[in-house]
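Here the structure is laid out as structure tokens; the discussion comes afterwards.
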Amino acid sequence: MTSNQTTPATELIYRPRRLRRTPTLRRMVQETHLTANDLIYPVFVMEGEGQKVEIASMPGCYRYTLDLLLKEIADAAALGVNAVALFPVISSGKKDDTGSESYNEEGLVQQTVKAIKKAIPDIVVITDVALDPFTTHGHDGVVDDNGVILNDPTVEILVKMALSQAAAGADMVAPSDMMDGRVGAIRKALDAAGYFDVGILAYSAKYASAYYGPFRDALDSAPKFGDKKTYQMDAANAREALKEVALDIAEGADIVMVKPALAYLDIICQVKAATNLPVAAYNVSGEYAMIKAAAQQGWIDEKKVILETLTSMKRAGADLILTYFAKEVALMLR
């Protein structure tokens, strides 16, 4: 007991503050560690050359043409980011009702994957498997005359899409559409074609969330009618997430994911407890935009809030975090 302390009226056996007393002690007992190895960097690619266009609702995030995207990815890799998730901006002239451009062997995604793997072979390239960037209606599947999203015809197209991405050199395909049975169909097709080493990062618990708005701005992929609640999950449901995760694991998923992350930390925690597979979380565009907007107003300390937010996701159980802050965080952690 130091000289400026008085003897307490009741002797305390446990004093948790002892282990918070100095920075060194706090580092020694820190339970959760966020590192660059935890981060996956989502990036947007568009057609053209020499262009970098900021996304208005996502300050600091850009759509890149391939030549500039390669530099952006190389910079991220140099900071210790190991993986990128690729999302395409498809011109309206290449969109149709069934998203047939999605499996074009010479399409934007396929050409981008080839170029990334040639220029930066060690980076893990994860490709999105969903139709909404490629369809005129903005939904993740084939739509019938009554506006119903058809499950099985959609899965057939998703399989073609995944195979074309694997052929281009993708390390992982990431079905984000929430169609039933698509993980099993994709795994079966990949194996039949000899792509045994191509992994599946499944968007297993993807909620019909209001947090996706800025992302849809980035890709011009907002649905032209209705919403996505007949295939994406109800925000009120937790047990259903565990069912979806179990199904994807049974169908051959290598990694399961919860999306969004910040409002679904409880789901991340439950999924982590239910599986031995790696669990990913997507720090989505709306979460990013809120932090950026508050920081621009001077209401928060941006760097501290970013680190606290991502640490909360890691603490909840996420092994991997898709985040638009990946480069910034990797630099902060150096």
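Ligands are numbered from 1 in the order shown, residues from 1 within each chain, and chains are lettered A, B, ... in the order they appear in the structure tokens.
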Based on DSSP run over this structure's backbone, return all residues of region 8-71 of chain A in strand (DSSP E or B), as a list in words.
Leu39, Ile40, Tyr41, Pro42, Val43, Phe44, Val45, Met46, Lys52, Val53, Glu54, Ile55, Met58, Pro59, Gly60, Cys61, Tyr62, Arg63, Tyr64 and Thr65 of chain A
Going by DSSP on the backbone, which bits of region 5-151 of chain A are helix (DSSP H, G or I)? Write them as a CSV table (one decimal) with all heavy atoms, in the first residue's frame, please.
```csv
chain,number,residue,atom,x,y,z
A,16,PRO,N,-9.5,-5.6,-9.4
A,16,PRO,CA,-9.2,-5.7,-10.8
A,16,PRO,C,-8.3,-4.6,-11.4
A,16,PRO,O,-7.6,-4.7,-12.4
A,16,PRO,CB,-10.6,-5.7,-11.5
A,16,PRO,CG,-11.5,-6.3,-10.4
A,16,PRO,CD,-10.9,-5.7,-9.1
A,17,ARG,N,-8.4,-3.4,-10.8
A,17,ARG,CA,-7.7,-2.2,-11.2
A,17,ARG,C,-6.1,-2.5,-11.2
A,17,ARG,O,-5.4,-1.8,-11.8
A,17,ARG,CB,-8.0,-1.0,-10.5
A,17,ARG,CG,-9.4,-0.4,-10.9
A,17,ARG,CD,-9.7,0.9,-10.1
A,17,ARG,NE,-8.6,1.9,-10.4
A,17,ARG,CZ,-8.5,3.0,-9.7
A,17,ARG,NH1,-9.4,3.3,-8.7
A,17,ARG,NH2,-7.6,3.9,-10.0
A,18,ARG,N,-5.7,-3.4,-10.4
A,18,ARG,CA,-4.3,-3.7,-10.3
A,18,ARG,C,-3.7,-4.0,-11.7
A,18,ARG,O,-2.5,-3.6,-12.0
A,18,ARG,CB,-4.0,-4.9,-9.4
A,18,ARG,CG,-4.3,-4.6,-7.9
A,18,ARG,CD,-3.9,-5.9,-7.1
A,18,ARG,NE,-4.3,-5.7,-5.7
A,18,ARG,CZ,-5.1,-6.5,-5.1
A,18,ARG,NH1,-5.6,-7.5,-5.7
A,18,ARG,NH2,-5.4,-6.3,-3.8
A,19,LEU,N,-4.5,-4.7,-12.5
A,19,LEU,CA,-4.0,-5.1,-13.8
A,19,LEU,C,-4.3,-4.1,-14.9
A,19,LEU,O,-4.0,-4.3,-16.1
A,19,LEU,CB,-4.6,-6.4,-14.2
A,19,LEU,CG,-4.3,-7.6,-13.2
A,19,LEU,CD1,-5.0,-8.9,-13.7
A,19,LEU,CD2,-2.8,-7.8,-13.1
A,20,ARG,N,-4.8,-2.9,-14.5
A,20,ARG,CA,-5.0,-1.8,-15.4
A,20,ARG,C,-4.1,-0.7,-15.2
A,20,ARG,O,-4.2,0.4,-15.8
A,20,ARG,CB,-6.5,-1.3,-15.3
A,20,ARG,CG,-7.5,-2.4,-15.6
A,20,ARG,CD,-8.9,-1.8,-15.3
A,20,ARG,NE,-9.9,-2.8,-15.2
A,20,ARG,CZ,-11.0,-2.8,-14.4
A,20,ARG,NH1,-11.2,-1.7,-13.7
A,20,ARG,NH2,-11.8,-3.8,-14.3
A,23,PRO,N,0.3,0.8,-18.9
A,23,PRO,CA,0.1,0.3,-20.3
A,23,PRO,C,0.7,-1.1,-20.4
A,23,PRO,O,0.1,-1.9,-21.2
A,23,PRO,CB,0.8,1.4,-21.1
A,23,PRO,CG,0.7,2.6,-20.4
A,23,PRO,CD,0.9,2.2,-18.9
A,24,THR,N,1.8,-1.3,-19.8
A,24,THR,CA,2.5,-2.6,-19.9
A,24,THR,C,1.6,-3.7,-19.3
A,24,THR,O,1.4,-4.8,-20.0
A,24,THR,CB,3.9,-2.6,-19.2
A,24,THR,OG1,4.7,-1.6,-19.8
A,24,THR,CG2,4.6,-3.9,-19.4
A,25,LEU,N,1.1,-3.5,-18.2
A,25,LEU,CA,0.2,-4.5,-17.5
A,25,LEU,C,-1.1,-4.7,-18.4
A,25,LEU,O,-1.5,-5.8,-18.6
A,25,LEU,CB,-0.2,-4.0,-16.1
A,25,LEU,CG,0.8,-4.2,-15.0
A,25,LEU,CD1,0.4,-3.5,-13.8
A,25,LEU,CD2,0.9,-5.7,-14.7
A,26,ARG,N,-1.6,-3.6,-19.0
A,26,ARG,CA,-2.8,-3.8,-19.8
A,26,ARG,C,-2.5,-4.6,-21.0
A,26,ARG,O,-3.3,-5.4,-21.4
A,26,ARG,CB,-3.4,-2.4,-20.2
A,26,ARG,CG,-3.9,-1.6,-19.0
A,26,ARG,CD,-4.8,-0.4,-19.4
A,26,ARG,NE,-4.0,0.6,-20.0
A,26,ARG,CZ,-3.4,1.6,-19.4
A,26,ARG,NH1,-3.4,1.7,-18.1
A,26,ARG,NH2,-2.7,2.5,-20.1
A,27,ARG,N,-1.3,-4.4,-21.6
A,27,ARG,CA,-1.0,-5.2,-22.8
A,27,ARG,C,-0.8,-6.7,-22.4
A,27,ARG,O,-1.2,-7.6,-23.2
A,27,ARG,CB,0.3,-4.7,-23.4
A,27,ARG,CG,0.2,-3.3,-24.2
A,27,ARG,CD,1.4,-3.1,-25.0
A,27,ARG,NE,2.6,-3.0,-24.3
A,27,ARG,CZ,3.1,-1.8,-23.8
A,27,ARG,NH1,2.4,-0.7,-23.9
A,27,ARG,NH2,4.2,-1.8,-23.1
A,28,MET,N,-0.2,-6.9,-21.2
A,28,MET,CA,0.0,-8.3,-20.8
A,28,MET,C,-1.3,-9.1,-20.6
A,28,MET,O,-1.3,-10.3,-20.9
A,28,MET,CB,0.8,-8.3,-19.5
A,28,MET,CG,2.3,-7.9,-19.6
A,28,MET,SD,3.1,-7.7,-18.0
A,28,MET,CE,3.0,-9.4,-17.4
A,36,ALA,N,-3.5,-7.2,-38.6
A,36,ALA,CA,-3.7,-7.1,-40.1
A,36,ALA,C,-4.1,-8.4,-40.7
A,36,ALA,O,-4.8,-8.4,-41.7
A,36,ALA,CB,-2.5,-6.5,-40.8
A,37,ASN,N,-3.7,-9.5,-40.1
A,37,ASN,CA,-4.0,-10.8,-40.6
A,37,ASN,C,-5.5,-11.1,-40.5
A,37,ASN,O,-6.0,-12.0,-41.1
A,37,ASN,CB,-3.3,-11.9,-39.8
A,37,ASN,CG,-1.8,-11.9,-40.1
A,37,ASN,OD1,-1.4,-11.6,-41.2
A,37,ASN,ND2,-1.0,-12.2,-39.1
A,38,ASP,N,-6.3,-10.3,-39.7
A,38,ASP,CA,-7.7,-10.5,-39.5
A,38,ASP,C,-8.5,-9.9,-40.6
A,38,ASP,O,-9.7,-10.1,-40.7
A,38,ASP,CB,-8.2,-10.0,-38.2
A,38,ASP,CG,-7.4,-10.5,-37.0
A,38,ASP,OD1,-7.1,-11.7,-37.0
A,38,ASP,OD2,-7.1,-9.8,-36.0
A,66,LEU,N,-9.0,-1.1,-63.5
A,66,LEU,CA,-8.1,-2.2,-63.1
A,66,LEU,C,-6.7,-1.7,-62.9
A,66,LEU,O,-6.0,-2.2,-62.0
A,66,LEU,CB,-8.2,-3.3,-64.2
A,66,LEU,CG,-7.3,-4.5,-64.0
A,66,LEU,CD1,-7.5,-5.1,-62.7
A,66,LEU,CD2,-7.5,-5.5,-65.1
A,67,ASP,N,-6.2,-0.8,-63.8
A,67,ASP,CA,-4.8,-0.4,-63.6
A,67,ASP,C,-4.5,0.2,-62.3
A,67,ASP,O,-3.5,0.0,-61.6
A,67,ASP,CB,-4.4,0.5,-64.8
A,67,ASP,CG,-5.4,1.7,-64.9
A,67,ASP,OD1,-6.5,1.6,-64.5
A,67,ASP,OD2,-5.0,2.7,-65.5
A,68,LEU,N,-5.5,1.1,-61.8
A,68,LEU,CA,-5.3,1.7,-60.5
A,68,LEU,C,-5.6,0.8,-59.4
A,68,LEU,O,-5.1,0.9,-58.3
A,68,LEU,CB,-6.1,3.0,-60.5
A,68,LEU,CG,-5.8,4.1,-61.5
A,68,LEU,CD1,-6.6,5.3,-61.2
A,68,LEU,CD2,-4.3,4.4,-61.4
A,69,LEU,N,-6.6,-0.2,-59.6
A,69,LEU,CA,-6.9,-1.1,-58.6
A,69,LEU,C,-5.7,-2.0,-58.2
A,69,LEU,O,-5.5,-2.3,-57.0
A,69,LEU,CB,-8.0,-2.0,-59.0
A,69,LEU,CG,-8.5,-3.1,-58.0
A,69,LEU,CD1,-9.1,-2.4,-56.8
A,69,LEU,CD2,-9.5,-4.0,-58.6
A,70,LEU,N,-4.9,-2.4,-59.2
A,70,LEU,CA,-3.7,-3.2,-58.9
A,70,LEU,C,-2.8,-2.5,-58.0
A,70,LEU,O,-2.2,-3.1,-57.0
A,70,LEU,CB,-3.0,-3.5,-60.2
A,70,LEU,CG,-3.8,-4.5,-61.1
A,70,LEU,CD1,-3.0,-4.7,-62.4
A,70,LEU,CD2,-4.0,-5.8,-60.5
A,71,LYS,N,-2.6,-1.2,-58.1
A,71,LYS,CA,-1.7,-0.4,-57.2
A,71,LYS,C,-2.3,-0.3,-55.8
A,71,LYS,O,-1.6,-0.5,-54.8
A,71,LYS,CB,-1.5,1.0,-57.8
A,71,LYS,CG,-0.6,1.9,-56.9
A,71,LYS,CD,-0.4,3.3,-57.4
A,71,LYS,CE,0.6,4.1,-56.6
A,71,LYS,NZ,0.2,4.0,-55.1
A,72,GLU,N,-3.7,-0.1,-55.8
A,72,GLU,CA,-4.3,-0.1,-54.5
A,72,GLU,C,-4.2,-1.4,-53.7
A,72,GLU,O,-3.9,-1.4,-52.5
A,72,GLU,CB,-5.8,0.2,-54.7
A,72,GLU,CG,-6.7,0.2,-53.4
A,72,GLU,CD,-6.4,1.4,-52.5
A,72,GLU,OE1,-5.6,2.3,-52.9
A,72,GLU,OE2,-7.0,1.4,-51.4
A,73,ILE,N,-4.3,-2.5,-54.4
A,73,ILE,CA,-4.2,-3.8,-53.8
A,73,ILE,C,-2.7,-4.0,-53.3
A,73,ILE,O,-2.4,-4.6,-52.3
A,73,ILE,CB,-4.7,-4.9,-54.7
A,73,ILE,CG1,-6.2,-4.8,-54.9
A,73,ILE,CG2,-4.4,-6.3,-54.1
A,73,ILE,CD1,-6.8,-5.7,-55.9
A,74,ALA,N,-1.8,-3.6,-54.2
A,74,ALA,CA,-0.4,-3.8,-53.8
A,74,ALA,C,0.0,-3.0,-52.6
A,74,ALA,O,0.7,-3.5,-51.7
A,74,ALA,CB,0.5,-3.3,-55.0
A,75,ASP,N,-0.6,-1.8,-52.5
A,75,ASP,CA,-0.4,-1.0,-51.3
A,75,ASP,C,-0.9,-1.7,-50.0
A,75,ASP,O,-0.3,-1.7,-49.0
A,75,ASP,CB,-1.0,0.4,-51.5
A,75,ASP,CG,-0.3,1.3,-52.5
A,75,ASP,OD1,0.8,0.9,-52.9
A,75,ASP,OD2,-0.9,2.3,-52.9
A,76,ALA,N,-2.1,-2.2,-50.2
A,76,ALA,CA,-2.7,-2.9,-49.0
A,76,ALA,C,-1.9,-4.1,-48.6
A,76,ALA,O,-1.7,-4.4,-47.5
A,76,ALA,CB,-4.2,-3.4,-49.4
A,77,ALA,N,-1.4,-4.9,-49.6
A,77,ALA,CA,-0.6,-6.1,-49.3
A,77,ALA,C,0.7,-5.7,-48.6
A,77,ALA,O,1.2,-6.4,-47.7
A,77,ALA,CB,-0.3,-6.8,-50.6
A,78,ALA,N,1.3,-4.5,-49.0
A,78,ALA,CA,2.5,-4.1,-48.4
A,78,ALA,C,2.3,-3.7,-46.9
A,78,ALA,O,3.2,-3.8,-46.1
A,78,ALA,CB,3.0,-2.9,-49.1
A,92,SER,N,-24.6,-0.5,-67.5
A,92,SER,CA,-26.0,-0.9,-67.7
A,92,SER,C,-26.2,-1.7,-69.0
A,92,SER,O,-27.1,-2.6,-69.1
A,92,SER,CB,-26.9,0.4,-67.8
A,92,SER,OG,-26.4,1.3,-68.8
A,93,GLY,N,-25.4,-1.5,-70.0
A,93,GLY,CA,-25.5,-2.2,-71.3
A,93,GLY,C,-25.2,-3.6,-71.2
A,93,GLY,O,-25.6,-4.4,-72.1
A,94,LYS,N,-24.5,-4.1,-70.1
A,94,LYS,CA,-24.2,-5.5,-70.0
A,94,LYS,C,-25.1,-6.2,-69.0
A,94,LYS,O,-24.8,-7.4,-68.7
A,94,LYS,CB,-22.7,-5.6,-69.6
A,94,LYS,CG,-21.7,-5.1,-70.6
A,94,LYS,CD,-20.3,-5.3,-70.2
A,94,LYS,CE,-19.3,-4.9,-71.3
A,94,LYS,NZ,-17.9,-5.1,-71.0
A,100,SER,N,-26.5,-12.7,-67.1
A,100,SER,CA,-25.7,-13.6,-67.8
A,100,SER,C,-24.2,-13.2,-67.9
A,100,SER,O,-23.3,-14.0,-68.1
A,100,SER,CB,-26.2,-13.9,-69.2
A,100,SER,OG,-26.3,-12.6,-70.0
A,101,GLU,N,-24.0,-11.9,-67.8
A,101,GLU,CA,-22.6,-11.3,-67.8
A,101,GLU,C,-21.8,-11.8,-66.7
A,101,GLU,O,-20.5,-11.9,-66.8
A,101,GLU,CB,-22.6,-9.8,-67.8
A,101,GLU,CG,-21.3,-9.1,-67.8
A,101,GLU,CD,-20.5,-9.3,-69.1
A,101,GLU,OE1,-21.1,-9.7,-70.1
A,101,GLU,OE2,-19.3,-9.0,-69.0
A,102,SER,N,-22.4,-12.3,-65.7
A,102,SER,CA,-21.7,-12.8,-64.4
A,102,SER,C,-20.8,-14.0,-64.7
A,102,SER,O,-19.8,-14.2,-64.0
A,102,SER,CB,-22.7,-13.2,-63.4
A,102,SER,OG,-23.5,-14.3,-63.7
A,103,TYR,N,-21.1,-14.8,-65.7
A,103,TYR,CA,-20.2,-15.9,-66.0
A,103,TYR,C,-19.5,-15.8,-67.4
A,103,TYR,O,-19.0,-16.8,-67.9
A,103,TYR,CB,-21.0,-17.2,-66.0
A,103,TYR,CG,-22.3,-17.3,-66.8
A,103,TYR,CD1,-22.3,-17.7,-68.1
A,103,TYR,CD2,-23.5,-17.0,-66.2
A,103,TYR,CE1,-23.5,-17.8,-68.8
A,103,TYR,CE2,-24.7,-17.1,-66.9
A,103,TYR,CZ,-24.7,-17.5,-68.2
A,103,TYR,OH,-25.8,-17.5,-68.9
A,108,LEU,N,-15.6,-8.5,-66.6
A,108,LEU,CA,-14.8,-7.6,-65.8
A,108,LEU,C,-14.2,-8.3,-64.6
A,108,LEU,O,-13.0,-8.2,-64.3
A,108,LEU,CB,-15.7,-6.4,-65.3
A,108,LEU,CG,-15.0,-5.4,-64.4
A,108,LEU,CD1,-13.8,-4.8,-65.0
A,108,LEU,CD2,-16.1,-4.4,-63.9
A,109,VAL,N,-15.0,-9.1,-63.9
A,109,VAL,CA,-14.5,-9.9,-62.7
A,109,VAL,C,-13.4,-10.8,-63.1
A,109,VAL,O,-12.4,-10.9,-62.5
A,109,VAL,CB,-15.7,-10.6,-62.0
A,109,VAL,CG1,-15.1,-11.5,-61.0
A,109,VAL,CG2,-16.7,-9.6,-61.4
A,110,GLN,N,-13.7,-11.6,-64.2
A,110,GLN,CA,-12.7,-12.6,-64.6
A,110,GLN,C,-11.4,-12.0,-65.0
A,110,GLN,O,-10.3,-12.5,-64.6
A,110,GLN,CB,-13.3,-13.5,-65.7
A,110,GLN,CG,-14.5,-14.4,-65.2
A,110,GLN,CD,-15.8,-13.6,-65.1
A,110,GLN,OE1,-15.9,-12.4,-65.3
A,110,GLN,NE2,-16.9,-14.3,-64.7
A,111,GLN,N,-11.4,-11.0,-65.8
A,111,GLN,CA,-10.2,-10.3,-66.2
A,111,GLN,C,-9.5,-9.7,-65.0
A,111,GLN,O,-8.2,-9.7,-64.9
A,111,GLN,CB,-10.5,-9.2,-67.2
A,111,GLN,CG,-11.0,-9.8,-68.6
A,111,GLN,CD,-10.0,-10.7,-69.2
A,111,GLN,OE1,-8.8,-10.4,-69.3
A,111,GLN,NE2,-10.4,-11.8,-69.7
A,112,THR,N,-10.2,-9.2,-64.1
A,112,THR,CA,-9.6,-8.5,-62.9
A,112,THR,C,-8.9,-9.6,-62.0
A,112,THR,O,-7.8,-9.4,-61.5
A,112,THR,CB,-10.7,-7.8,-62.1
A,112,THR,OG1,-11.3,-6.8,-62.9
A,112,THR,CG2,-10.1,-7.2,-60.8
A,113,VAL,N,-9.6,-10.7,-61.8
A,113,VAL,CA,-9.0,-11.8,-61.0
A,113,VAL,C,-7.6,-12.2,-61.7
A,113,VAL,O,-6.6,-12.4,-61.0
A,113,VAL,CB,-9.9,-13.0,-60.9
A,113,VAL,CG1,-9.2,-14.2,-60.3
A,113,VAL,CG2,-11.1,-12.6,-60.1
A,114,LYS,N,-7.7,-12.5,-63.0
A,114,LYS,CA,-6.4,-12.9,-63.7
A,114,LYS,C,-5.3,-11.9,-63.5
A,114,LYS,O,-4.2,-12.2,-63.2
A,114,LYS,CB,-6.7,-13.1,-65.2
A,114,LYS,CG,-7.6,-14.2,-65.5
A,114,LYS,CD,-8.0,-14.2,-67.0
A,114,LYS,CE,-9.0,-15.3,-67.3
A,114,LYS,NZ,-9.4,-15.3,-68.8
A,115,ALA,N,-5.7,-10.6,-63.6
A,115,ALA,CA,-4.6,-9.5,-63.5
A,115,ALA,C,-4.1,-9.4,-62.1
A,115,ALA,O,-2.9,-9.2,-61.9
A,115,ALA,CB,-5.2,-8.2,-63.9
A,116,ILE,N,-5.0,-9.6,-61.1
A,116,ILE,CA,-4.5,-9.5,-59.7
A,116,ILE,C,-3.6,-10.6,-59.4
A,116,ILE,O,-2.5,-10.5,-58.8
A,116,ILE,CB,-5.7,-9.5,-58.7
A,116,ILE,CG1,-6.5,-8.2,-58.9
A,116,ILE,CG2,-5.2,-9.6,-57.3
A,116,ILE,CD1,-7.8,-8.3,-58.1
A,117,LYS,N,-4.0,-11.9,-59.8
A,117,LYS,CA,-3.1,-13.0,-59.5
A,117,LYS,C,-1.8,-13.0,-60.2
A,117,LYS,O,-0.8,-13.5,-59.7
A,117,LYS,CB,-3.9,-14.3,-59.8
A,117,LYS,CG,-5.1,-14.5,-58.9
A,117,LYS,CD,-4.8,-14.5,-57.4
A,117,LYS,CE,-4.0,-15.6,-57.0
A,117,LYS,NZ,-3.8,-15.6,-55.5
A,118,LYS,N,-1.8,-12.4,-61.4
A,118,LYS,CA,-0.5,-12.2,-62.1
A,118,LYS,C,0.4,-11.2,-61.4
A,118,LYS,O,1.6,-11.4,-61.3
A,118,LYS,CB,-0.8,-11.8,-63.5
A,118,LYS,CG,0.5,-11.7,-64.4
A,118,LYS,CD,0.1,-11.3,-65.8
A,118,LYS,CE,1.4,-11.2,-66.7
A,118,LYS,NZ,1.1,-10.8,-68.1
A,119,ALA,N,-0.2,-10.1,-61.0
A,119,ALA,CA,0.6,-9.0,-60.5
A,119,ALA,C,1.0,-9.2,-59.0
A,119,ALA,O,2.1,-8.8,-58.6
A,119,ALA,CB,-0.2,-7.6,-60.6
A,151,ASN,N,-35.5,-19.7,-56.8
A,151,ASN,CA,-34.4,-20.3,-56.1
A,151,ASN,C,-33.5,-21.1,-57.1
A,151,ASN,O,-32.3,-20.8,-57.3
A,151,ASN,CB,-34.8,-21.1,-54.9
A,151,ASN,CG,-33.6,-21.4,-54.0
A,151,ASN,OD1,-33.3,-20.7,-53.1
A,151,ASN,ND2,-32.9,-22.5,-54.3
```
Could you give me, as a PyMOL selection string, the residues within 8 Å of region 324-332 of chain A, counting only C-alpha atoms and dropping anything in the same chain fewer than 3 positions from it?
chain A and resi 35-36+39-43+61+76+79-81+283-285+288+306-307
Any idea what's packed within 12 Å of region 268-278 of chain A, counting only C-alpha atoms, ignoring anything in its chain fewer than 3 positions away? Could you give it as number ranges by chain?
A: 38, 200-202, 204-206, 238-250, 252-265, 281-283, 312-321
If we count only C-alpha atoms and set the cut-off at 6 Å, which residues sit around region 129-146 of chain A, ignoring sequence neighbours fewer than 2 positions away in its own chain? Please answer as a count of residues only.
17
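Atom pair CA of Ala56 (chain A) / CA of Met290 (chain A) has a distance of 12.9 Å (rounded to one decimal).
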What separates CA of Glu302 (chain A) and CA of Glu31 (chain A) is a distance of 22.9 Å
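The gap separating CA of Pro121 (chain A) from CA of Ala193 (chain A) is 22.2 Å, in Å to one decimal.
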Top pick for closest residue to Ala167 (chain A), considering A:Ile267, A:Val198, A:Ile13, A:Ile90 and counting only C-alpha atoms:
A:Val198
